[in-house]
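*Asks:* Here it is, the structure, as structure tokens.
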Amino acid sequence: MSRLQILKPNASLRFECDGADLHYEVWEPDGSVKGTLYHSHGVCESNETTNTQRLVQRAVARGWRVVCLEHEGHGLSSGARAVVSMDRCVQLFEAFVRSRLGEGAWALSGASMGANVVLYAAQRLSSLDGYVGTVLFGAAVGVDPRGVPPAVVVGALRVASFFMPEASLGATPVEEPDGYALPADSTRNFRGHWPLVTAKELLDATRDALADAKASKRGLDRFLVVHGAQDHVIPLSCVQEFLAAARLPPEALRVVKTGGHDLTGGQGGDEACAAALDWLERDLER
């Protein structure tokens, strides 16, 4: 896999909505534009990660414009650092995409938590003109139960998150961006224990994605799920259960044998990006 260098955006802009002042960046290809890919990054991350940068660079090289919004509380956007409300992330991302849509083809993609954001946003956007499809990388549609504390501990932390949402009490996952920050000295990515409310929101998201898929009567319109066989955060078995619940066909899943949870940024990243772009471009030609 080639070593990544940071690709500077063509534009660095702001989007204001419902009290949030969000930062986003735009990368333009040389020559004609095939379409616009709106990407949603993972929890505690930003646009300055290997996950985002590899996808951006591979997509731009193939003629896509890529637009990446930094979620509230992340990167250079406003909000308490790394504090997440999934409902609000979906609301703001949907409003952002709607504000930019014009003529031409467009698609959505997201990684980890960001995949869950586009999962819900796409269901409200896919009827709009120009929609090509949605790609979920390492979607948070389940969790390895060995990584979840006992139910009594989870219950206590839920209560604590209501009164102290930004606290961690040393009981939440620890984010260490050293392995994925790009450039290496980027200060955009969160470091330390996740806020209690963020841990609660992500745990709930893994449960809700499956429950909502089972309850939905509409189904998902033009979705591809790309997942790493070596993902020990979201096991492949959880993804397969989600696909069955969402009534997606087997070909809607691409498994990257060497890929982990850092799917586009780590081992197998080029394969993951190529699988997504090949699928979007085939759909684009129909």
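Letters A, B, ... go to the chains of the structure tokens in the order shown; residues in each chain start at 1; ligands are counted from 1 in the same order.
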With a distance cut-off of 10 Å and only C-alpha atoms, select the neighbouring residues of segment 7-15 of chain A, excluding the residue or stretch itself and same-chain residues fewer than 2 positions from it, and output the selection as a count of residues only.
*Replies:* 31
*Asks:* Excluding segment 261-275 of chain A and residues on its chain fewer than 4 positions from it, collect all residues at most 9 Å away from it, counting only C-alpha atoms, and give them as an NGL selection string.
*Replies:* :A and (1-2 or 49-55 or 58-59 or 111-112 or 137-138 or 180 or 226-228 or 230-234 or 254-257 or 279-280)
*Asks:* Using DSSP assignments from the backbone, pull out every residue in segment 27-233 of chain A that falls under strand (DSSP E or B) and give it to me as a PyMOL selection string.
*Replies:* chain A and resi 27+35-40+49+64-69+106-111+131-137+174-175+181+192-193+223-228
*Asks:* For C-alpha atoms, I'd like the residues from the last selection saved as a PDB file, in the first residue's frame.
*Replies:*
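New file result_33.pdb:
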```pdb
ATOM      1  CA  TRP A  27     -11.347  18.472  -3.232  1.00  0.00           C
ATOM      2  CA  GLY A  35     -20.008  13.245  -9.596  1.00  0.00           C
ATOM      3  CA  THR A  36     -19.798  14.554  -6.037  1.00  0.00           C
ATOM      4  CA  LEU A  37     -19.112  12.264  -3.083  1.00  0.00           C
ATOM      5  CA  TYR A  38     -20.232  13.563   0.318  1.00  0.00           C
ATOM      6  CA  HIS A  39     -18.250  11.814   3.042  1.00  0.00           C
ATOM      7  CA  SER A  40     -18.917  11.492   6.784  1.00  0.00           C
ATOM      8  CA  THR A  49      -6.946  11.187   9.004  1.00  0.00           C
ATOM      9  CA  TRP A  64     -14.861  12.612  -8.316  1.00  0.00           C
ATOM     10  CA  ARG A  65     -15.333  15.843  -6.415  1.00  0.00           C
ATOM     11  CA  VAL A  66     -15.188  14.982  -2.697  1.00  0.00           C
ATOM     12  CA  VAL A  67     -16.845  17.082   0.002  1.00  0.00           C
ATOM     13  CA  CYS A  68     -16.140  16.245   3.656  1.00  0.00           C
ATOM     14  CA  LEU A  69     -18.064  17.828   6.521  1.00  0.00           C
ATOM     15  CA  TRP A 106     -23.898  12.569  -6.271  1.00  0.00           C
ATOM     16  CA  ALA A 107     -23.290   9.855  -3.683  1.00  0.00           C
ATOM     17  CA  LEU A 108     -22.771   9.426   0.054  1.00  0.00           C
ATOM     18  CA  SER A 109     -20.154   7.557   2.049  1.00  0.00           C
ATOM     19  CA  GLY A 110     -19.277   7.261   5.708  1.00  0.00           C
ATOM     20  CA  ALA A 111     -16.877   5.437   7.995  1.00  0.00           C
ATOM     21  CA  TYR A 131     -28.512  10.094  -6.404  1.00  0.00           C
ATOM     22  CA  VAL A 132     -26.127   7.264  -7.296  1.00  0.00           C
ATOM     23  CA  GLY A 133     -25.743   5.318  -4.057  1.00  0.00           C
ATOM     24  CA  THR A 134     -24.403   5.128  -0.515  1.00  0.00           C
ATOM     25  CA  VAL A 135     -21.287   3.317   0.710  1.00  0.00           C
ATOM     26  CA  LEU A 136     -20.870   2.275   4.350  1.00  0.00           C
ATOM     27  CA  PHE A 137     -17.267   1.595   5.448  1.00  0.00           C
ATOM     28  CA  VAL A 174      -9.548   5.917  24.877  1.00  0.00           C
ATOM     29  CA  GLU A 175      -8.904   7.646  21.568  1.00  0.00           C
ATOM     30  CA  ALA A 181      -3.625  11.460  12.092  1.00  0.00           C
ATOM     31  CA  GLY A 192      -8.267  10.890  25.487  1.00  0.00           C
ATOM     32  CA  HIS A 193     -11.286   9.119  26.976  1.00  0.00           C
ATOM     33  CA  PHE A 223     -26.398   0.654  -0.656  1.00  0.00           C
ATOM     34  CA  LEU A 224     -22.990  -1.004  -0.588  1.00  0.00           C
ATOM     35  CA  VAL A 225     -21.427  -2.177   2.682  1.00  0.00           C
ATOM     36  CA  VAL A 226     -17.626  -2.528   2.719  1.00  0.00           C
ATOM     37  CA  HIS A 227     -16.198  -4.250   5.789  1.00  0.00           C
ATOM     38  CA  GLY A 228     -12.895  -5.652   7.009  1.00  0.00           C
TER      39      GLY A 228
END
```
*Asks:* List the neighbours of segment 79-86 of chain A out to 6 Å using only C-alpha atoms; skip same-chain residues closer than 6 positions along the sequence, and give me the result as a PyMOL selection string.
*Replies:* chain A and resi 44+72-73+198
*Asks:* So which residues touch segment 153-160 of chain A within 12 Å, counting only C-alpha atoms, skipping near sequence neighbours fewer than 5 positions away, as a PyMOL selection string?
*Replies:* chain A and resi 147-148+165-172+195-204
*Asks:* Hey, can you check how far atom CA of Gly19 of chain A sits from atom CA of Arg100 of chain A?
*Replies:*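 Atom-to-atom, atom CA of Gly19 of chain A and atom CA of Arg100 of chain A are spaced 18.6 Å apart.
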*Asks:* Considering only alpha helix (DSSP H) as DSSP defines it on the backbone, what residues of segment 15-233 of chain A qualify? List them as a PyMOL selection string.
*Replies:* chain A and resi 50-61+86-100+113-125+151-163+196-215
*Asks:* Can you check which parts of segment 156-231 of chain A lie within 6 Å of segment 235-245 of chain A? Per residue, the shortest pair of atoms and distance in Å to one decimal, counting only C-alpha atoms, sorted by chain and number, as CSV.
*Replies:*
```
residue,atom,partner,partner_atom,distance
A:Leu210,CA,A:Phe242,CA,5.5
A:Ala213,CA,A:Ala245,CA,5.5
A:Lys214,CA,A:Ala245,CA,4.9
A:Asp231,CA,A:Pro235,CA,5.8
```
*Asks:* Using only C-alpha atoms for the distances, tell me which of A:Ala151, A:Ala209, A:Met164, A:Val60 is nearest to Leu119 of chain A.
*Replies:* A:Ala209
*Asks:* Compare A:Gly31, A:Asp144, A:Ala139, A:Asp208 by their minimum atom-to-atom distance to Gly114 of chain A, counting only C-alpha atoms, and give me the closest one.
*Replies:*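 The shortest atom-to-atom distance to Gly114 of chain A comes from A:Ala139.
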*Asks:* So which residues touch Glu45 of chain A within 8 Å, counting only C-alpha atoms, skipping near sequence neighbours fewer than 4 positions away, as a PDB file with N, CA and C atoms, in the first residue's frame?
*Replies:*
```pdb
ATOM      1  N   HIS A  41     -17.053  11.378   8.351  1.00  0.00           N
ATOM      2  CA  HIS A  41     -15.965  10.711   9.079  1.00  0.00           C
ATOM      3  C   HIS A  41     -16.434  10.060  10.372  1.00  0.00           C
ATOM      4  N   THR A  49      -7.245  12.553   8.588  1.00  0.00           N
ATOM      5  CA  THR A  49      -6.946  11.187   9.004  1.00  0.00           C
ATOM      6  C   THR A  49      -6.598  10.367   7.764  1.00  0.00           C
ATOM      7  N   HIS A  74     -16.166  18.194  16.272  1.00  0.00           N
ATOM      8  CA  HIS A  74     -15.037  17.511  15.650  1.00  0.00           C
ATOM      9  C   HIS A  74     -14.266  18.462  14.734  1.00  0.00           C
ATOM     10  N   GLY A  75     -12.977  18.188  14.597  1.00  0.00           N
ATOM     11  CA  GLY A  75     -12.162  18.968  13.675  1.00  0.00           C
ATOM     12  C   GLY A  75     -12.215  20.455  13.969  1.00  0.00           C
ATOM     13  N   PRO A 177      -5.044   9.199  18.474  1.00  0.00           N
ATOM     14  CA  PRO A 177      -4.989   9.467  17.034  1.00  0.00           C
ATOM     15  C   PRO A 177      -3.611   9.325  16.401  1.00  0.00           C
ATOM     16  N   ARG A 188      -6.503  18.228  14.927  1.00  0.00           N
ATOM     17  CA  ARG A 188      -7.955  18.212  14.699  1.00  0.00           C
ATOM     18  C   ARG A 188      -8.651  17.012  15.340  1.00  0.00           C
ATOM     19  N   ASN A 189      -7.912  15.946  15.618  1.00  0.00           N
ATOM     20  CA  ASN A 189      -8.525  14.720  16.113  1.00  0.00           C
ATOM     21  C   ASN A 189      -8.490  14.672  17.637  1.00  0.00           C
ATOM     22  N   PHE A 190      -9.554  14.174  18.216  1.00  0.00           N
ATOM     23  CA  PHE A 190      -9.681  14.128  19.675  1.00  0.00           C
ATOM     24  C   PHE A 190      -8.702  13.116  20.269  1.00  0.00           C
TER      25      PHE A 190
END
```
